[in-house]
Amino acid sequence: MAAKFPGVRRLLPLLLAVLALGVPSATAQTGPGTCTPRLLVLSAFPAELDALLPAAHIKTMVQRSDRAFYVGKLEGNNVVMALTGIGPLNATRTTKMAFDLFRCGPAPGITGVVFSGVSGGKTYIGDVTVASRWTLDGGKSWIRTDPTMFKVAASVAPSVHLDRSDPQGDPACVGIPPALLRTISVDRQPRVVLGGNGGTTDPFGGKRMPCIPGGGDIFGCDPCLAPTRETPDPQAFASGMQPFFDPSWMAGYFASGGPPSEPSSYVANDEETAAAATVAHAHHVPFIGFRALSDGKGDPLMLPGFPVQFFVYKDLAAQNAGKLALAFLKAWAARSA
């Protein structure tokens with residue numbers, strides 16, 4: 001065929017090059033000589049990352065397996081942003097995937113990991129915690145928050161005004177700005193809590209908590225404000241829904257997945273932070289977590305703790321965690337300039 005059409009042979013390399021350019025490739029973007037070191041900015045579920053995305057300038061999306069990585073700039077930093085999914089197994093898997101995808105030759109292309117999201121804890125709803133250390137095994141071992149990152153967070157904390165009134169949010173994930181409408185106000189003005197211990201638990205018994213394509217701002221697979229989102233797949237939706245029809249699965253999640261209603265010894269209780277921190281520590285890069293309480297004290301409705309408080313106050317917590325995370329990122333970029 002090439003002998004009859006010699007022009008095809010000359011055009012073939014050009015066509016292949018064009019096709020290659022049309023396919024996002026993390027390896028090409030982070031290979032030797034073209035490497036851009038980036039911070040990895042993570043959240044667990046859509047409402048959390050939506051608190052950060054309006055401030056981001058996303059240039060491209062890299063899709064691997066069921067995870068989307070948004071590459072761009074955030075408060076002066078080159079970043080990769082991603083949803084880990086809910087639970088420690090998802091957080092470990094997604095963080096490892098990011099380190100595998102974004103490399104500078106033999107070295108990681110990730111220079112640090114920042115987690116922003118909601119949690120339970122022993123203080124008040126809306127408070128943002130920056131724990132000094134995190135445990136994944138109930139306090140048998142600890143991973144320390146990077147001291148330099150912690151100092152930068154502490155330096156900007158006094159300048160961050162946290163919200164007291166709860167946003168209505170975007171539960172159906174239709175693209176409404178999460179903070180557009182405000183509802184009830186909590187009893188106490190939220191504040192930043194610096195220091196203390198953070199704990200990550202696994203209510204899923206080592207199983208992966210699935211996301212649901214088109215599943216809203218908690219159980220969905222994409223941020224509601226993502227610049228590029230996939231069309232929901234009915235087959236994937238049905239597959240993702242299966243665990244939610246298993247009474248033992250959901251009973252286990254709501255019985256032990258969230259922070260306990262009684263006072264906790266941790267300033268933050270969640271299901272992802274220590275898992276992501278463990279991967280960052282293994283790659284010798286700094287880590288910090290910003291967690292705002294979606295369930296705790298100061299509830300004017302006097303709701304019965306997790307999960308009820310979580311569903312009501314998750315948007316307030318996500319927005320407050322995002323505010324401190326963004327202030328930190330801006331100061332981090334200025335420090336590194």
# chains A, B, ... in the order shown; residues from 1 in each chain; ligands from 1
call {"tool": "residues_around", "arguments": {"residues": "A:Cys224", "least_positions_apart": "2", "cutoff": "7 Å", "atoms": "only C-alpha atoms", "output": "PDB file with C-alpha atoms, in the first residue's frame"}}
result
ATOM      1  CA  PRO A  46     -16.588  16.764  45.311  1.00  0.00           C
ATOM      2  CA  ASP A  50     -15.152  22.589  44.839  1.00  0.00           C
ATOM      3  CA  CYS A 173     -23.840  18.742  41.500  1.00  0.00           C
ATOM      4  CA  VAL A 174     -25.437  20.974  38.858  1.00  0.00           C
ATOM      5  CA  GLY A 175     -22.663  23.574  38.957  1.00  0.00           C
ATOM      6  CA  ASP A 217     -21.383  16.466  45.775  1.00  0.00           C
ATOM      7  CA  ASP A 222     -16.006  14.346  39.790  1.00  0.00           C
ATOM      8  CA  ALA A 226     -14.603  20.488  37.306  1.00  0.00           C
TER       9      ALA A 226
END
call {"tool": "select_by_dssp", "arguments": {"residues": "stretch 274-323 of chain A", "states": "alpha helix (DSSP H)", "output": "JSON, numbers by chain"}}
result
{"A": [274, 275, 276, 277, 278, 279, 280, 281, 282, 308, 309, 310, 311, 312, 313, 314, 315, 316, 317, 318, 319, 320, 321, 322, 323]}
call {"tool": "write_last_selection", "arguments": {"atoms": "N, CA and C atoms", "output": "mmCIF file, in the first residue's frame"}}
result
data_model
loop_
_atom_site.group_PDB
_atom_site.id
_atom_site.type_symbol
_atom_site.label_atom_id
_atom_site.label_comp_id
_atom_site.auth_asym_id
_atom_site.auth_seq_id
_atom_site.Cartn_x
_atom_site.Cartn_y
_atom_site.Cartn_z
ATOM 1 N N ALA A 274 -4.283 10.703 56.971
ATOM 2 C CA ALA A 274 -3.077 9.956 57.335
ATOM 3 C C ALA A 274 -2.656 8.991 56.234
ATOM 4 N N ALA A 275 -3.619 8.496 55.456
ATOM 5 C CA ALA A 275 -3.282 7.601 54.349
ATOM 6 C C ALA A 275 -2.483 8.348 53.287
ATOM 7 N N ALA A 276 -2.931 9.546 52.913
ATOM 8 C CA ALA A 276 -2.182 10.352 51.948
ATOM 9 C C ALA A 276 -0.840 10.786 52.520
ATOM 10 N N ALA A 277 -0.819 11.120 53.805
ATOM 11 C CA ALA A 277 0.432 11.524 54.451
ATOM 12 C C ALA A 277 1.456 10.397 54.444
ATOM 13 N N THR A 278 0.993 9.171 54.600
ATOM 14 C CA THR A 278 1.892 8.014 54.593
ATOM 15 C C THR A 278 2.601 7.879 53.249
ATOM 16 N N VAL A 279 1.863 8.091 52.155
ATOM 17 C CA VAL A 279 2.469 8.019 50.823
ATOM 18 C C VAL A 279 3.458 9.168 50.628
ATOM 19 N N ALA A 280 3.080 10.375 51.049
ATOM 20 C CA ALA A 280 4.000 11.518 50.938
ATOM 21 C C ALA A 280 5.282 11.254 51.717
ATOM 22 N N HIS A 281 5.140 10.718 52.928
ATOM 23 C CA HIS A 281 6.308 10.422 53.770
ATOM 24 C C HIS A 281 7.214 9.393 53.096
ATOM 25 N N ALA A 282 6.615 8.399 52.453
ATOM 26 C CA ALA A 282 7.402 7.365 51.773
ATOM 27 C C ALA A 282 8.205 7.942 50.617
ATOM 28 N N VAL A 308 -25.635 12.855 60.731
ATOM 29 C CA VAL A 308 -26.628 13.901 60.479
ATOM 30 C C VAL A 308 -25.963 15.267 60.377
ATOM 31 N N GLN A 309 -25.099 15.600 61.354
ATOM 32 C CA GLN A 309 -24.404 16.893 61.300
ATOM 33 C C GLN A 309 -23.563 17.019 60.037
ATOM 34 N N PHE A 310 -22.939 15.949 59.636
ATOM 35 C CA PHE A 310 -22.106 15.975 58.429
ATOM 36 C C PHE A 310 -22.900 16.435 57.216
ATOM 37 N N PHE A 311 -24.075 15.850 57.009
ATOM 38 C CA PHE A 311 -24.875 16.208 55.836
ATOM 39 C C PHE A 311 -25.346 17.655 55.884
ATOM 40 N N VAL A 312 -25.526 18.206 57.069
ATOM 41 C CA VAL A 312 -26.010 19.577 57.202
ATOM 42 C C VAL A 312 -24.877 20.594 57.072
ATOM 43 N N TYR A 313 -23.700 20.284 57.653
ATOM 44 C CA TYR A 313 -22.638 21.288 57.786
ATOM 45 C C TYR A 313 -21.401 21.018 56.929
ATOM 46 N N LYS A 314 -21.454 20.012 56.054
ATOM 47 C CA LYS A 314 -20.280 19.687 55.243
ATOM 48 C C LYS A 314 -19.832 20.855 54.375
ATOM 49 N N ASP A 315 -20.786 21.642 53.844
ATOM 50 C CA ASP A 315 -20.410 22.748 52.957
ATOM 51 C C ASP A 315 -19.738 23.881 53.712
ATOM 52 N N LEU A 316 -20.219 24.177 54.915
ATOM 53 C CA LEU A 316 -19.550 25.174 55.753
ATOM 54 C C LEU A 316 -18.125 24.729 56.052
ATOM 55 N N ALA A 317 -17.973 23.468 56.434
ATOM 56 C CA ALA A 317 -16.643 22.948 56.754
ATOM 57 C C ALA A 317 -15.733 22.954 55.532
ATOM 58 N N ALA A 318 -16.259 22.512 54.382
ATOM 59 C CA ALA A 318 -15.438 22.462 53.169
ATOM 60 C C ALA A 318 -14.966 23.854 52.770
ATOM 61 N N GLN A 319 -15.860 24.848 52.854
ATOM 62 C CA GLN A 319 -15.489 26.214 52.490
ATOM 63 C C GLN A 319 -14.439 26.782 53.437
ATOM 64 N N ASN A 320 -14.581 26.518 54.739
ATOM 65 C CA ASN A 320 -13.605 27.042 55.700
ATOM 66 C C ASN A 320 -12.241 26.378 55.553
ATOM 67 N N ALA A 321 -12.229 25.063 55.351
ATOM 68 C CA ALA A 321 -10.955 24.381 55.109
ATOM 69 C C ALA A 321 -10.301 24.935 53.858
ATOM 70 N N GLY A 322 -11.103 25.161 52.824
ATOM 71 C CA GLY A 322 -10.580 25.712 51.579
ATOM 72 C C GLY A 322 -10.011 27.111 51.750
ATOM 73 N N LYS A 323 -10.648 27.932 52.573
ATOM 74 C CA LYS A 323 -10.149 29.297 52.806
ATOM 75 C C LYS A 323 -8.740 29.277 53.396
#
call {"tool": "residues_around", "arguments": {"residues": "stretch 51-63 of chain A", "least_positions_apart": "6", "cutoff": "6 Å", "atoms": "only C-alpha atoms", "output": "count of residues only"}}
result
9
call {"tool": "closest_residue", "arguments": {"among": "A:Thr145, A:Ser132, A:Thr36, A:Thr95", "to": "A:Tyr266", "atoms": "only C-alpha atoms"}}
result
A:Ser132
call {"tool": "closest_residue", "arguments": {"among": "A:Phe115, A:Phe99, A:Phe45, A:Phe219", "to": "A:Thr273", "atoms": "only C-alpha atoms"}}
result
A:Phe115
call {"tool": "closest_residue", "arguments": {"among": "A:Lys122, A:Arg38, A:Lys330, A:Lys140", "to": "A:Ser294", "atoms": "only C-alpha atoms"}}
result
A:Lys122
call {"tool": "closest_residue", "arguments": {"among": "A:Arg144, A:Arg164, A:Lys151, A:Arg291", "to": "A:Arg188", "atoms": "only C-alpha atoms"}}
result
A:Arg164
call {"tool": "residues_around", "arguments": {"residues": "stretch 191-193 of chain A", "least_positions_apart": "2", "cutoff": "10 Å", "atoms": "only C-alpha atoms", "output": "NGL selection string"}}
result
:A and (123-131 or 153-154 or 157-158 or 160-164 or 188-189 or 195-196 or 267-268 or 290-292 or 320-321 or 324)
call {"tool": "atom_distance", "arguments": {"atom1": "atom CA of A:Leu42", "atom2": "atom CA of A:Thr183"}}
result
27.1 Å
call {"tool": "atom_distance", "arguments": {"atom1": "atom CA of A:Ser165", "atom2": "atom CA of A:Asp187"}}
result
9.5 Å
call {"tool": "closest_residue", "arguments": {"among": "A:Gly296, A:Gly139, A:Gly85, A:Pro190", "to": "A:Pro210", "atoms": "only C-alpha atoms"}}
result
A:Gly85
call {"tool": "closest_residue", "arguments": {"among": "A:Asp66, A:Asp137, A:Glu48, A:Glu75", "to": "A:Arg93", "atoms": "only C-alpha atoms"}}
result
A:Asp66
call {"tool": "residues_around", "arguments": {"residues": "A:Gly199", "least_positions_apart": "4", "cutoff": "7 Å", "atoms": "only C-alpha atoms", "output": "VMD selection string"}}
result
chain A and resid 134 to 136 138 266 268 to 270
call {"tool": "write_last_selection", "arguments": {"atoms": "N, CA and C atoms", "output": "mmCIF file, in the first residue's frame"}}
result
data_model
loop_
_atom_site.group_PDB
_atom_site.id
_atom_site.type_symbol
_atom_site.label_atom_id
_atom_site.label_comp_id
_atom_site.auth_asym_id
_atom_site.auth_seq_id
_atom_site.Cartn_x
_atom_site.Cartn_y
_atom_site.Cartn_z
ATOM 1 N N TRP A 134 -0.301 12.895 62.443
ATOM 2 C CA TRP A 134 -1.436 12.056 62.058
ATOM 3 C C TRP A 134 -1.119 10.584 62.289
ATOM 4 N N THR A 135 -2.160 9.837 62.646
ATOM 5 C CA THR A 135 -2.007 8.396 62.824
ATOM 6 C C THR A 135 -3.027 7.651 61.980
ATOM 7 N N LEU A 136 -2.601 6.517 61.451
ATOM 8 C CA LEU A 136 -3.466 5.643 60.649
ATOM 9 C C LEU A 136 -3.779 4.350 61.396
ATOM 10 N N GLY A 138 -4.442 4.140 65.023
ATOM 11 C CA GLY A 138 -4.919 4.354 66.388
ATOM 12 C C GLY A 138 -3.864 4.821 67.360
ATOM 13 N N TYR A 266 -8.846 13.410 69.347
ATOM 14 C CA TYR A 266 -8.217 13.987 68.169
ATOM 15 C C TYR A 266 -8.844 15.342 67.830
ATOM 16 N N ALA A 268 -8.896 16.298 64.877
ATOM 17 C CA ALA A 268 -9.552 15.970 63.610
ATOM 18 C C ALA A 268 -9.640 14.462 63.457
ATOM 19 N N ASN A 269 -10.834 13.969 63.132
ATOM 20 C CA ASN A 269 -11.057 12.559 62.803
ATOM 21 C C ASN A 269 -11.544 12.483 61.370
ATOM 22 N N ASP A 270 -10.879 11.703 60.539
ATOM 23 C CA ASP A 270 -11.340 11.564 59.153
ATOM 24 C C ASP A 270 -10.994 10.184 58.625
#
call {"tool": "atom_distance", "arguments": {"atom1": "atom CA of A:Arg133", "atom2": "atom CA of A:Leu194"}}
result
10.9 Å
call {"tool": "decode", "arguments": {"residues": "stretch 200-231 of chain A", "atoms": "C-alpha atoms", "output": "PDB file, in the first residue's frame"}}
result
ATOM      1  CA  THR A 200      -7.673   8.513  60.226  1.00  0.00           C
ATOM      2  CA  THR A 201      -9.909   5.449  60.507  1.00  0.00           C
ATOM      3  CA  ASP A 202     -11.046   2.749  58.090  1.00  0.00           C
ATOM      4  CA  PRO A 203     -14.763   1.971  58.478  1.00  0.00           C
ATOM      5  CA  PHE A 204     -14.729  -0.121  55.305  1.00  0.00           C
ATOM      6  CA  GLY A 205     -12.602  -2.993  56.570  1.00  0.00           C
ATOM      7  CA  GLY A 206      -9.944  -2.589  53.890  1.00  0.00           C
ATOM      8  CA  LYS A 207     -12.471  -2.314  51.056  1.00  0.00           C
ATOM      9  CA  ARG A 208     -12.697   0.539  48.564  1.00  0.00           C
ATOM     10  CA  MET A 209     -15.617   2.905  48.972  1.00  0.00           C
ATOM     11  CA  PRO A 210     -16.885   3.388  45.386  1.00  0.00           C
ATOM     12  CA  CYS A 211     -17.917   6.703  43.935  1.00  0.00           C
ATOM     13  CA  ILE A 212     -21.107   7.005  41.883  1.00  0.00           C
ATOM     14  CA  PRO A 213     -20.941   8.657  38.448  1.00  0.00           C
ATOM     15  CA  GLY A 214     -23.410  11.543  38.628  1.00  0.00           C
ATOM     16  CA  GLY A 215     -23.765  10.864  42.357  1.00  0.00           C
ATOM     17  CA  GLY A 216     -23.772  14.452  43.625  1.00  0.00           C
ATOM     18  CA  ASP A 217     -21.383  16.466  45.775  1.00  0.00           C
ATOM     19  CA  ILE A 218     -20.615  13.681  48.274  1.00  0.00           C
ATOM     20  CA  PHE A 219     -20.666  10.340  46.477  1.00  0.00           C
ATOM     21  CA  GLY A 220     -19.968  11.617  42.951  1.00  0.00           C
ATOM     22  CA  CYS A 221     -16.786  10.812  41.043  1.00  0.00           C
ATOM     23  CA  ASP A 222     -16.006  14.346  39.790  1.00  0.00           C
ATOM     24  CA  PRO A 223     -15.933  17.793  41.354  1.00  0.00           C
ATOM     25  CA  CYS A 224     -19.159  19.652  40.584  1.00  0.00           C
ATOM     26  CA  LEU A 225     -17.085  22.592  39.273  1.00  0.00           C
ATOM     27  CA  ALA A 226     -14.603  20.488  37.306  1.00  0.00           C
ATOM     28  CA  PRO A 227     -13.663  22.102  33.974  1.00  0.00           C
ATOM     29  CA  THR A 228     -14.064  18.731  32.233  1.00  0.00           C
ATOM     30  CA  ARG A 229     -16.477  16.101  33.461  1.00  0.00           C
ATOM     31  CA  GLU A 230     -17.475  12.800  31.920  1.00  0.00           C
ATOM     32  CA  THR A 231     -21.081  12.085  30.945  1.00  0.00           C
TER      33      THR A 231
END
